[in-house]
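Asker: Got a structure for you, written out below as structure tokens; questions coming shortly.
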Amino acid sequence: MTDGIKLDAHHRKTIEKLFTHPTSHNIQWHDVRSLLEAVSDECEELHDGRVKVTLGGETQTFDPPRRGDLDTQMVVDFRRMLKGAGLEPAH
């Protein structure tokens with residue numbers, strides 16, 4: 001992972017879950033939101049409930065999942081953003 005960013009154990013575990021193959025279907029939105037608040041340039045809830053995230057030069061807006069768990073497409077999107085910012089699990 002990027003050396004300049006300090007992540008706690010919970011954030012590191014969330015990154016590991018996001019990069020697990022096959023894709024995990026037990027990744028909680030609140031865990032990812034906490035990670036994004038720690039590592040992103042911007043993580044802002046908009047007036048319509050969507051969340052705007054800027055990370056690694058990329059900005060994307062997400063609808064928080066209704067059931068709490070991320071769907072596969074959200075996991076793919078977060079993997080891309082995290083990888084683009086140099087945040088991947090240490091292997």
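Lettering and numbering for the structure tokens are positional, with chains as A, B, ... in the shown order, residues counted from 1 in each chain, and ligands counted from 1 in the shown order.
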DSSP on the backbone: which residues in range 14-44 of chain A end up as helix (DSSP H, G or I)? Give the answer as number ranges by chain.

Answerer: A: 14-18, 29-39

Asker: Residues near range 63-67 of chain A, anyone? I mean within 10 Å using only C-alpha atoms, not counting same-chain ones fewer than 3 positions away, as number ranges by chain.

Answerer: A: 28-30, 33, 45, 48-52, 70-71, 74

Asker: Only C-alpha atoms, please: the residues just picked out, written as a CSV table (one decimal), in the first residue's frame.

Answerer:
chain,number,residue,atom,x,y,z
A,28,GLN,CA,-20.4,-3.3,4.4
A,29,TRP,CA,-21.0,0.2,3.0
A,30,HIS,CA,-20.1,1.8,6.3
A,33,ARG,CA,-17.3,4.9,3.6
A,45,GLU,CA,-22.6,13.3,1.1
A,48,ASP,CA,-29.8,13.6,-2.5
A,49,GLY,CA,-28.0,11.1,-0.3
A,50,ARG,CA,-25.5,10.1,-2.9
A,51,VAL,CA,-21.8,10.2,-2.0
A,52,LYS,CA,-19.2,12.0,-4.1
A,70,LEU,CA,-21.8,-3.5,-1.8
A,71,ASP,CA,-22.9,-5.1,-5.1
A,74,MET,CA,-19.5,-1.1,-6.7

Asker: Return as an NGL selection string the full set of residues in range 9-81 of chain A whose backbone-based DSSP assignment is strand (DSSP E).

Answerer: :A and (42-45 or 51-55 or 58-62)

Asker: Using only C-alpha atoms, which residues sit within 8 Å of Met81 in chain A once same-chain residues fewer than 5 positions away are excluded, as number ranges by chain?

Answerer: A: 55-56, 58

Asker: Restricting it to C-alpha atoms, dump the selection as a tab-separated table (two decimals), in the first residue's frame.

Answerer:
chain	number	residue	atom	x	y	z
A	55	LEU	CA	-9.53	9.63	-5.13
A	56	GLY	CA	-6.41	9.36	-7.26
A	58	GLU	CA	-10.88	10.34	-10.30

Asker: Tell me, in Å to one decimal, how far CA of Val75 in chain A is from CA of Thr54 in chain A.

Answerer: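 Rounded to one decimal, the two atoms are 16.0 Å apart.
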
Asker: Just give me the gap between CA of Pro89 in chain A and CA of Thr23 in chain A in Å, one decimal is fine.

Answerer: 14.4 Å

Asker: Find the residue from A:Ser40, A:Thr20, A:Thr14, A:Gln73 that sits nearest to Gly86 in chain A; use only C-alpha atoms when measuring.

Answerer: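 For Gly86 in chain A, the nearest of the candidates is A:Ser40.
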
Asker: Kindly give the distance, in Å, that separates CA of Leu18 in chain A and CA of Arg79 in chain A, rounded to a single decimal.

Answerer: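 Distance reported for this atom pair: 6.4 Å.
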
Asker: Rank nothing, just name the residue among A:Lys6, A:Arg12, A:Ala90, A:Lys17 nearest to Val76 in chain A, using only C-alpha atoms.

Answerer: A:Lys17

Asker: Ranking A:Gly57, A:His21, A:Lys83, A:Glu37 by minimum distance to Leu7 in chain A and counting only C-alpha atoms, which one comes first?

Answerer: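 Closest to Leu7 in chain A of all the choices is A:Glu37.
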
Asker: Determine, counting only C-alpha atoms, which protein, DNA and RNA residues have an atom within 12 Å of an atom of Ala9 in chain A; residues of the same chain fewer than 6 positions away are not included. Present the result as a PyMOL selection string.

Answerer: chain A and resi 15-16+31+35+89
